[in-house]
$ cat query_38.pdb   # PDB, C-alpha atoms
ATOM      1  CA  MET A   1      80.150 -27.221 186.233
ATOM      2  CA  GLN A   2      83.591 -27.600 184.757
ATOM      3  CA  THR A   3      84.495 -30.757 182.879
ATOM      4  CA  VAL A   4      87.070 -32.587 184.959
ATOM      5  CA  LEU A   5      89.167 -34.946 182.898
ATOM      6  CA  ASN A   6      92.321 -36.499 184.213
ATOM      7  CA  LYS A   7      95.180 -37.509 182.050
ATOM      8  CA  VAL A   8      97.372 -40.500 182.786
ATOM      9  CA  ASN A   9     101.134 -40.506 182.361
ATOM     10  CA  LEU A  10     102.177 -44.114 181.800
ATOM     11  CA  ALA A  11     105.726 -43.809 183.179
ATOM     12  CA  GLU A  12     104.470 -42.067 186.285
ATOM     13  CA  LYS A  13     101.853 -44.756 186.908
ATOM     14  CA  PHE A  14     104.323 -47.596 186.323
ATOM     15  CA  SER A  15     106.634 -45.994 188.908
ATOM     16  CA  GLN A  16     103.907 -46.293 191.560
ATOM     17  CA  PHE A  17     104.115 -50.058 191.964
ATOM     18  CA  GLN A  18     106.679 -52.793 191.704
ATOM     19  CA  GLU A  19     104.925 -56.109 192.286
ATOM     20  CA  TYR A  20     104.559 -58.482 189.365
ATOM     21  CA  TRP A  21     101.391 -60.014 187.931
ATOM     22  CA  ARG A  22      99.048 -57.661 189.781
ATOM     23  CA  PRO A  23      97.260 -55.487 187.211
ATOM     24  CA  LYS A  24      96.366 -51.929 188.208
ATOM     25  CA  ILE A  25      93.397 -50.135 186.721
ATOM     26  CA  VAL A  26      94.225 -46.710 185.254
ATOM     27  CA  GLY A  27      91.138 -46.041 183.158
ATOM     28  CA  GLU A  28      87.721 -47.199 182.037
ATOM     29  CA  LEU A  29      85.859 -46.507 178.845
ATOM     30  CA  ASN A  30      82.528 -48.044 178.138
ATOM     31  CA  ASP A  31      82.824 -51.683 179.253
ATOM     32  CA  VAL A  32      86.593 -51.820 178.929
ATOM     33  CA  CYS A  33      89.308 -51.447 181.541
ATOM     34  CA  VAL A  34      92.766 -50.064 180.876
ATOM     35  CA  LYS A  35      95.243 -51.783 183.171
ATOM     36  CA  LEU A  36      98.978 -51.620 183.707
ATOM     37  CA  VAL A  37     100.938 -54.636 184.810
ATOM     38  CA  LYS A  38     104.569 -55.554 185.423
ATOM     39  CA  LEU A  39     105.472 -59.079 184.481
ATOM     40  CA  LYS A  40     108.470 -61.207 185.274
ATOM     41  CA  GLY A  41     108.772 -64.955 185.131
ATOM     42  CA  GLU A  42     106.032 -67.319 184.022
ATOM     43  CA  PHE A  43     102.317 -66.988 184.779
ATOM     44  CA  VAL A  44      99.693 -69.744 184.776
ATOM     45  CA  TRP A  45      97.969 -71.303 181.802
ATOM     46  CA  HIS A  46      94.437 -69.962 181.513
ATOM     47  CA  LEU A  47      91.803 -68.695 179.118
ATOM     48  CA  HIS A  48      88.983 -66.182 179.254
ATOM     49  CA  GLU A  49      85.613 -67.672 178.350
ATOM     50  CA  SER A  50      84.193 -64.553 176.737
ATOM     51  CA  GLU A  51      86.706 -61.738 176.991
ATOM     52  CA  ASP A  52      89.256 -60.768 174.361
ATOM     53  CA  GLU A  53      92.443 -59.295 175.788
ATOM     54  CA  LEU A  54      94.981 -56.894 174.322
ATOM     55  CA  PHE A  55      98.643 -56.874 175.435
ATOM     56  CA  LEU A  56     100.709 -53.813 174.464
ATOM     57  CA  VAL A  57     104.352 -53.910 175.526
ATOM     58  CA  VAL A  58     105.657 -50.559 176.776
ATOM     59  CA  LYS A  59     109.007 -51.841 178.067
ATOM     60  CA  GLY A  60     110.800 -55.137 177.782
ATOM     61  CA  ARG A  61     109.713 -58.261 175.975
ATOM     62  CA  LEU A  62     106.725 -60.513 176.494
ATOM     63  CA  VAL A  63     106.227 -64.029 175.193
ATOM     64  CA  ILE A  64     102.659 -65.299 175.100
ATOM     65  CA  LYS A  65     102.822 -69.067 174.963
ATOM     66  CA  LEU A  66      99.971 -70.810 173.195
ATOM     67  CA  ARG A  67      99.295 -74.527 173.128
ATOM     68  CA  ASP A  68     100.491 -74.649 169.543
ATOM     69  CA  GLY A  69     102.978 -71.820 169.279
ATOM     70  CA  GLU A  70     103.857 -68.474 170.799
ATOM     71  CA  ILE A  71     103.809 -64.752 170.106
ATOM     72  CA  VAL A  72     106.840 -62.632 170.948
ATOM     73  CA  LEU A  73     106.055 -58.980 171.662
ATOM     74  CA  ASN A  74     108.741 -56.331 171.894
ATOM     75  CA  GLU A  75     108.363 -52.668 172.861
ATOM     76  CA  GLY A  76     105.739 -50.910 170.792
ATOM     77  CA  GLU A  77     104.021 -54.132 169.753
ATOM     78  CA  PHE A  78     100.645 -55.518 170.708
ATOM     79  CA  ALA A  79      98.575 -58.636 170.149
ATOM     80  CA  ILE A  80      94.962 -59.460 170.839
ATOM     81  CA  LEU A  81      94.153 -62.787 172.429
ATOM     82  CA  PRO A  82      90.662 -63.836 171.411
ATOM     83  CA  HIS A  83      88.471 -65.336 174.120
ATOM     84  CA  GLY A  84      88.734 -69.071 174.439
ATOM     85  CA  VAL A  85      92.412 -69.283 173.514
ATOM     86  CA  GLU A  86      94.503 -70.826 176.255
ATOM     87  CA  HIS A  87      97.675 -68.886 176.918
ATOM     88  CA  CYS A  88     100.496 -68.391 179.369
ATOM     89  CA  PRO A  89     102.443 -65.091 179.495
ATOM     90  CA  VAL A  90     106.167 -65.305 180.161
ATOM     91  CA  ALA A  91     108.714 -62.512 180.585
ATOM     92  CA  GLU A  92     112.324 -63.479 181.125
ATOM     93  CA  ASP A  93     113.143 -59.993 182.396
ATOM     94  CA  GLU A  94     110.737 -57.360 183.667
ATOM     95  CA  ALA A  95     108.175 -56.270 181.110
ATOM     96  CA  GLN A  96     105.784 -53.346 181.439
ATOM     97  CA  VAL A  97     102.510 -53.982 179.691
ATOM     98  CA  ILE A  98      99.219 -52.210 179.011
ATOM     99  CA  LEU A  99      96.230 -54.525 179.142
ATOM    100  CA  LEU A 100      92.849 -53.792 177.619
ATOM    101  CA  GLU A 101      90.054 -56.086 178.568
ATOM    102  CA  PRO A 102      86.414 -56.063 179.604
ATOM    103  CA  LYS A 103      85.732 -55.015 183.187
ATOM    104  CA  THR A 104      84.613 -58.542 183.961
ATOM    105  CA  THR A 105      88.046 -60.042 183.222
ATOM    106  CA  LEU A 106      89.824 -61.974 185.966
ATOM    107  CA  ASN A 107      93.612 -62.127 185.622
ATOM    108  CA  THR A 108      93.720 -65.918 185.775
ATOM    109  CA  GLY A 109      90.618 -66.374 183.615
ATOM    110  CA  ASN A 110      89.054 -69.784 184.092
ATOM    111  CA  VAL A 111      91.573 -70.707 186.794
ATOM    112  CA  ARG A 112      91.432 -69.602 190.426
ATOM    113  CA  ASN A 113      94.542 -70.092 192.466
ATOM    114  CA  GLU A 114      97.120 -68.176 194.495
ATOM    115  CA  ARG A 115      97.929 -65.993 191.465
ATOM    116  CA  THR A 116      94.337 -64.754 191.222
ATOM    117  CA  VAL A 117      93.937 -61.091 192.222
ATOM    118  CA  GLU A 118      91.313 -58.420 191.876
ATOM    119  CA  ALA A 119      92.732 -55.445 190.018
ATOM    120  CA  GLU A 120      92.774 -52.204 191.984
ATOM    121  CA  TRP A 121      92.778 -48.581 190.820
ATOM    122  CA  ILE A 122      95.931 -46.541 191.088
TER     123      ILE A 122
ATOM    124  CA  MET B   1      94.073 -76.143 163.420
ATOM    125  CA  GLN B   2      96.837 -73.828 164.517
ATOM    126  CA  THR B   3      95.981 -70.651 166.398
ATOM    127  CA  VAL B   4      96.823 -67.758 164.118
ATOM    128  CA  LEU B   5      97.409 -64.551 166.009
ATOM    129  CA  ASN B   6      98.963 -61.557 164.419
ATOM    130  CA  LYS B   7     100.946 -59.014 166.302
ATOM    131  CA  VAL B   8     100.968 -55.340 165.441
ATOM    132  CA  ASN B   9     104.080 -53.194 165.453
ATOM    133  CA  LEU B  10     102.943 -49.621 166.015
ATOM    134  CA  ALA B  11     105.858 -47.912 164.250
ATOM    135  CA  GLU B  12     105.485 -50.158 161.232
ATOM    136  CA  LYS B  13     101.754 -49.446 161.004
ATOM    137  CA  PHE B  14     102.229 -45.689 161.405
ATOM    138  CA  SER B  15     104.738 -45.798 158.532
ATOM    139  CA  GLN B  16     102.057 -47.184 156.210
ATOM    140  CA  PHE B  17     100.046 -43.983 155.905
ATOM    141  CA  GLN B  18     100.612 -40.284 155.994
ATOM    142  CA  GLU B  19      97.237 -38.559 155.711
ATOM    143  CA  TYR B  20      95.906 -36.716 158.727
ATOM    144  CA  TRP B  21      92.607 -37.198 160.552
ATOM    145  CA  ARG B  22      91.839 -40.534 158.897
ATOM    146  CA  PRO B  23      91.893 -43.229 161.573
ATOM    147  CA  LYS B  24      93.074 -46.699 160.543
ATOM    148  CA  ILE B  25      91.826 -49.819 162.296
ATOM    149  CA  VAL B  26      94.598 -52.106 163.547
ATOM    150  CA  GLY B  27      92.685 -54.330 165.936
ATOM    151  CA  GLU B  28      89.362 -55.275 167.458
ATOM    152  CA  LEU B  29      88.583 -56.797 170.808
ATOM    153  CA  ASN B  30      85.042 -57.414 171.912
ATOM    154  CA  ASP B  31      83.120 -54.265 170.926
ATOM    155  CA  VAL B  32      86.170 -52.012 170.824
ATOM    156  CA  CYS B  33      88.301 -50.864 167.926
ATOM    157  CA  VAL B  34      91.979 -50.024 168.161
ATOM    158  CA  LYS B  35      92.779 -47.284 165.673
ATOM    159  CA  LEU B  36      95.882 -45.329 164.725
ATOM    160  CA  VAL B  37      95.638 -41.767 163.520
ATOM    161  CA  LYS B  38      98.017 -38.995 162.554
ATOM    162  CA  LEU B  39      96.855 -35.535 163.513
ATOM    163  CA  LYS B  40      98.008 -32.113 162.458
ATOM    164  CA  GLY B  41      96.154 -28.844 162.694
ATOM    165  CA  GLU B  42      92.700 -28.426 164.173
ATOM    166  CA  PHE B  43      89.781 -30.827 163.801
ATOM    167  CA  VAL B  44      86.080 -30.033 164.200
ATOM    168  CA  TRP B  45      84.106 -29.635 167.401
ATOM    169  CA  HIS B  46      82.012 -32.724 168.022
ATOM    170  CA  LEU B  47      80.829 -35.170 170.634
ATOM    171  CA  HIS B  48      79.946 -38.842 170.726
ATOM    172  CA  GLU B  49      76.439 -39.500 172.037
ATOM    173  CA  SER B  50      77.210 -42.818 173.691
ATOM    174  CA  GLU B  51      80.849 -43.716 173.082
ATOM    175  CA  ASP B  52      83.759 -42.971 175.380
ATOM    176  CA  GLU B  53      87.032 -42.435 173.565
ATOM    177  CA  LEU B  54      90.632 -42.920 174.663
ATOM    178  CA  PHE B  55      93.519 -40.911 173.156
ATOM    179  CA  LEU B  56      97.050 -42.223 173.802
ATOM    180  CA  VAL B  57      99.857 -40.112 172.348
ATOM    181  CA  VAL B  58     102.683 -42.177 170.848
ATOM    182  CA  LYS B  59     104.559 -39.261 169.250
ATOM    183  CA  GLY B  60     104.176 -35.515 169.454
ATOM    184  CA  ARG B  61     101.720 -33.519 171.462
ATOM    185  CA  LEU B  62      97.941 -33.364 171.351
ATOM    186  CA  VAL B  63      95.688 -30.712 172.822
ATOM    187  CA  ILE B  64      92.066 -31.689 173.342
ATOM    188  CA  LYS B  65      90.079 -28.497 173.578
ATOM    189  CA  LEU B  66      86.959 -28.608 175.708
ATOM    190  CA  ARG B  67      84.300 -25.920 175.964
ATOM    191  CA  ASP B  68      85.589 -25.000 179.401
ATOM    192  CA  GLY B  69      89.259 -25.945 179.295
ATOM    193  CA  GLU B  70      91.701 -28.247 177.593
ATOM    194  CA  ILE B  71      93.854 -31.315 178.158
ATOM    195  CA  VAL B  72      97.433 -31.380 176.918
ATOM    196  CA  LEU B  73      98.791 -34.837 176.171
ATOM    197  CA  ASN B  74     102.458 -35.521 175.557
ATOM    198  CA  GLU B  75     104.126 -38.768 174.513
ATOM    199  CA  GLY B  76     103.205 -41.624 176.808
ATOM    200  CA  GLU B  77     100.091 -39.926 178.127
ATOM    201  CA  PHE B  78      96.430 -40.729 177.597
ATOM    202  CA  ALA B  79      93.043 -39.314 178.477
ATOM    203  CA  ILE B  80      89.542 -40.708 178.213
ATOM    204  CA  LEU B  81      86.826 -38.481 176.823
ATOM    205  CA  PRO B  82      83.494 -39.544 178.268
ATOM    206  CA  HIS B  83      80.567 -39.649 175.855
ATOM    207  CA  GLY B  84      78.622 -36.453 175.638
ATOM    208  CA  VAL B  85      81.601 -34.146 176.154
ATOM    209  CA  GLU B  86      82.129 -31.777 173.252
ATOM    210  CA  HIS B  87      85.757 -31.617 172.192
ATOM    211  CA  CYS B  88      88.082 -30.494 169.443
ATOM    212  CA  PRO B  89      91.511 -32.125 168.995
ATOM    213  CA  VAL B  90      94.376 -29.856 167.932
ATOM    214  CA  ALA B  91      97.990 -30.717 167.138
ATOM    215  CA  GLU B  92     100.337 -27.906 166.239
ATOM    216  CA  ASP B  93     102.847 -30.357 164.776
ATOM    217  CA  GLU B  94     102.220 -33.932 163.686
ATOM    218  CA  ALA B  95     101.034 -36.197 166.466
ATOM    219  CA  GLN B  96     100.697 -39.974 166.306
ATOM    220  CA  VAL B  97      97.849 -41.244 168.420
ATOM    221  CA  ILE B  98      96.252 -44.539 169.389
ATOM    222  CA  LEU B  99      92.470 -44.330 169.655
ATOM    223  CA  LEU B 100      90.309 -46.797 171.515
ATOM    224  CA  GLU B 101      86.604 -46.520 170.957
ATOM    225  CA  PRO B 102      83.534 -48.659 170.312
ATOM    226  CA  LYS B 103      83.179 -50.020 166.799
ATOM    227  CA  THR B 104      80.175 -47.781 166.273
ATOM    228  CA  THR B 105      82.209 -44.574 166.675
ATOM    229  CA  LEU B 106      82.274 -42.067 163.839
ATOM    230  CA  ASN B 107      85.304 -39.794 163.770
ATOM    231  CA  THR B 108      83.234 -36.613 163.731
ATOM    232  CA  GLY B 109      80.685 -37.937 166.238
ATOM    233  CA  ASN B 110      77.425 -36.009 166.035
ATOM    234  CA  VAL B 111      78.667 -33.918 163.119
ATOM    235  CA  ARG B 112      78.778 -35.031 159.490
ATOM    236  CA  ASN B 113      80.825 -32.942 157.139
ATOM    237  CA  GLU B 114      83.786 -33.117 154.775
ATOM    238  CA  ARG B 115      86.005 -34.362 157.616
ATOM    239  CA  THR B 116      83.804 -37.405 158.215
ATOM    240  CA  VAL B 117      85.426 -40.675 157.140
ATOM    241  CA  GLU B 118      84.860 -44.360 157.690
ATOM    242  CA  ALA B 119      87.895 -45.946 159.276
ATOM    243  CA  GLU B 120      89.554 -48.652 157.198
ATOM    244  CA  TRP B 121      91.731 -51.579 158.228
ATOM    245  CA  ILE B 122      95.453 -51.486 157.544
TER     246      ILE B 122
END
$ encode --input "query_38.pdb" --output "C-alpha cells"
Amino acid sequence: MQTVLNKVNLAEKFSQFQEYWRPKIVGELNDVCVKLVKLKGEFVWHLHESEDELFLVVKGRLVIKLRDGEIVLNEGEFAILPHGVEHCPVAEDEAQVILLEPKTTLNTGNVRNERTVEAEWI
Amino acid sequence: MQTVLNKVNLAEKFSQFQEYWRPKIVGELNDVCVKLVKLKGEFVWHLHESEDELFLVVKGRLVIKLRDGEIVLNEGEFAILPHGVEHCPVAEDEAQVILLEPKTTLNTGNVRNERTVEAEWI
C-alpha cells in the first residue's frame, strides 16, 4: 500500500473561501487542528477554558485586544494565547491567519452567539 | 497583574542561528512545540512512533523522501507526516522550515546517532 500524503498550499487554500471569521480546517496532527481564517473587523470577546491558541499572520495585520493591553501581529509574526486569557481579535483590513488549536476548540470559546461556527474541512 | 504575551517574528528568529538540522523551540501550546529549523543536505531515515509532525516551508524547498515516494514542499506549503511513517528530509539548498510536533518528539525519532539533538529555546 502506498503512503498517501497530501500537501497543502496556503495561498491556494486561502483562495477557496472569502467569508470572514469562519475557520477552515486544513490539517490535523495528534490532537491539534490547523485552520485557516480570514478576518476583517472586530470579533467578540471570549476565552478558551483549556485550549491554548496560536495566531500566525500570513497576510495583513491582526490586533489581539486583551483586557489590559494588546498584541499587534504583522505578516510573518505569531503569538500564542494561553487558555483562560480573554481576548478579542480585530483586523482593520483583511488579514489571513493560520490558527493552531486543539480539536476541541470553539471559535467563540466560552461564548455562544451568532458568530459561533463549527469549522469545516476544505 | 498584566498579561505578558510575547510575539515571535519568524524572520528575526531565523536570523539568530545558522546551523542546520538543529531545531529551535520558539513556542509551546498545550502539548505541542513550535520549532524553527534550517535544513541543508540530507538527514537520516527515521520515524516517530507516536508523534505526527508538520513541516511548513517558509523559505526554499524541502523534499521529504518516503520509502515509496516523496513529497516536494515549496514556500508556503506544508505536509503532515503521520506517526509511524519512515521519512528522510532532504534540501538541496538551504530551507527554512517551521515544525509542529508534540513536546516529546526527538529530531531523529526512533534513531539515535550523531545527528540526534535536544531542541533548545531561542
$ atom_distance --input "query_38.pdb" --atom1 "atom CA of His48 of chain B" --atom2 "atom CA of Arg22 of chain B"
16.9 Å
$ resolve_selection --input "query_38.pdb" --expression "the PyMOL selection byres ((chain B and resi 57-60) around 7)" --output "number ranges by chain"
B: 55-56, 61-62, 73-78, 94-98
$ write_last_selection --input "query_38.pdb" --atoms "C-alpha atoms" --output "CSV table (one decimal), keeping the file's coordinate frame"
chain,number,residue,atom,x,y,z
B,55,PHE,CA,93.5,-40.9,173.2
B,56,LEU,CA,97.0,-42.2,173.8
B,61,ARG,CA,101.7,-33.5,171.5
B,62,LEU,CA,97.9,-33.4,171.4
B,73,LEU,CA,98.8,-34.8,176.2
B,74,ASN,CA,102.5,-35.5,175.6
B,75,GLU,CA,104.1,-38.8,174.5
B,76,GLY,CA,103.2,-41.6,176.8
B,77,GLU,CA,100.1,-39.9,178.1
B,78,PHE,CA,96.4,-40.7,177.6
B,94,GLU,CA,102.2,-33.9,163.7
B,95,ALA,CA,101.0,-36.2,166.5
B,96,GLN,CA,100.7,-40.0,166.3
B,97,VAL,CA,97.8,-41.2,168.4
B,98,ILE,CA,96.3,-44.5,169.4
$ atom_distance --input "query_38.pdb" --atom1 "atom CA of Glu101 of chain A" --atom2 "atom CA of Glu42 of chain A"
20.3 Å
$ interface_residues --input "query_38.pdb" --of "chain B" --to "chain A" --cutoff "8 Å" --atoms "only C-alpha atoms" --output "PyMOL selection string"
chain B and resi 2-3+5-11+27-30+51-54+66+68-69+71+73+76-82+101-102
$ residues_around --input "query_38.pdb" --residues "Trp21 of chain B" --least-positions-apart "4" --cutoff "9 Å" --atoms "only C-alpha atoms" --output "VMD selection string"
chain B and resid 37 to 40 43 107 115 117
$ closest_residue --input "query_38.pdb" --among "B:Cys33, B:Val63, B:Leu47, B:Ile122" --to "Val90 of chain B" --atoms "all atoms listed in the file"
B:Val63
$ build_atoms --input "query_38.pdb" --residues "segment 56-84 of chain B" --atoms "N, CA and C atoms" --output "compact mmCIF listing (two decimals), keeping the file's coordinate frame"
# COMPACT_ATOMS: atom_id res chain seq x y z
N LEU B 56 95.71 -41.97 173.25
CA LEU B 56 97.05 -42.22 173.80
C LEU B 56 98.07 -41.69 172.80
N VAL B 57 98.89 -40.74 173.25
CA VAL B 57 99.86 -40.11 172.35
C VAL B 57 101.13 -40.95 172.28
N VAL B 58 101.48 -41.39 171.08
CA VAL B 58 102.68 -42.18 170.85
C VAL B 58 103.84 -41.27 170.45
N LYS B 59 103.54 -40.25 169.63
CA LYS B 59 104.56 -39.26 169.25
C LYS B 59 103.91 -37.89 169.17
N GLY B 60 104.68 -36.88 169.58
CA GLY B 60 104.18 -35.52 169.45
C GLY B 60 103.36 -35.08 170.65
N ARG B 61 102.45 -34.17 170.38
CA ARG B 61 101.72 -33.52 171.46
C ARG B 61 100.32 -33.21 170.96
N LEU B 62 99.33 -33.56 171.75
CA LEU B 62 97.94 -33.36 171.35
C LEU B 62 97.23 -32.51 172.40
N VAL B 63 96.53 -31.51 171.93
CA VAL B 63 95.69 -30.71 172.82
C VAL B 63 94.23 -31.06 172.51
N ILE B 64 93.50 -31.45 173.53
CA ILE B 64 92.07 -31.69 173.34
C ILE B 64 91.34 -30.50 173.95
N LYS B 65 90.81 -29.66 173.09
CA LYS B 65 90.08 -28.50 173.58
C LYS B 65 88.69 -28.93 174.03
N LEU B 66 88.30 -28.40 175.18
CA LEU B 66 86.96 -28.61 175.71
C LEU B 66 86.28 -27.24 175.76
N ARG B 67 84.99 -27.21 175.94
CA ARG B 67 84.30 -25.92 175.96
C ARG B 67 84.70 -25.09 177.17
N ASP B 68 85.21 -25.75 178.20
CA ASP B 68 85.59 -25.00 179.40
C ASP B 68 87.01 -25.33 179.86
N GLY B 69 87.88 -25.65 178.91
CA GLY B 69 89.26 -25.94 179.30
C GLY B 69 89.95 -26.73 178.21
N GLU B 70 91.02 -27.40 178.56
CA GLU B 70 91.70 -28.25 177.59
C GLU B 70 92.56 -29.26 178.34
N ILE B 71 92.91 -30.33 177.63
CA ILE B 71 93.85 -31.32 178.16
C ILE B 71 95.03 -31.34 177.21
N VAL B 72 96.23 -31.29 177.74
CA VAL B 72 97.43 -31.38 176.92
C VAL B 72 98.07 -32.74 177.15
N LEU B 73 98.22 -33.49 176.07
CA LEU B 73 98.79 -34.84 176.17
C LEU B 73 100.12 -34.89 175.44
N ASN B 74 101.15 -35.30 176.16
CA ASN B 74 102.46 -35.52 175.56
C ASN B 74 102.68 -37.02 175.35
N GLU B 75 103.82 -37.36 174.78
CA GLU B 75 104.13 -38.77 174.51
C GLU B 75 104.00 -39.61 175.78
N GLY B 76 103.35 -40.74 175.66
CA GLY B 76 103.20 -41.62 176.81
C GLY B 76 102.09 -41.22 177.75
N GLU B 77 101.21 -40.35 177.29
CA GLU B 77 100.09 -39.93 178.13
C GLU B 77 98.77 -40.21 177.41
N PHE B 78 97.75 -40.56 178.19
CA PHE B 78 96.43 -40.73 177.60
C PHE B 78 95.36 -40.05 178.42
N ALA B 79 94.23 -39.82 177.79
CA ALA B 79 93.04 -39.31 178.48
C ALA B 79 91.84 -40.00 177.87
N ILE B 80 90.79 -40.10 178.67
CA ILE B 80 89.54 -40.71 178.21
C ILE B 80 88.46 -39.64 178.18
N LEU B 81 87.93 -39.43 177.00
CA LEU B 81 86.83 -38.48 176.82
C LEU B 81 85.52 -39.22 177.04
N PRO B 82 84.78 -38.88 178.08
CA PRO B 82 83.49 -39.54 178.27
C PRO B 82 82.52 -39.13 177.15
N HIS B 83 81.58 -40.00 176.85
CA HIS B 83 80.57 -39.65 175.86
C HIS B 83 79.83 -38.39 176.30
N GLY B 84 79.40 -37.65 175.33
CA GLY B 84 78.62 -36.45 175.64
C GLY B 84 79.44 -35.19 175.85
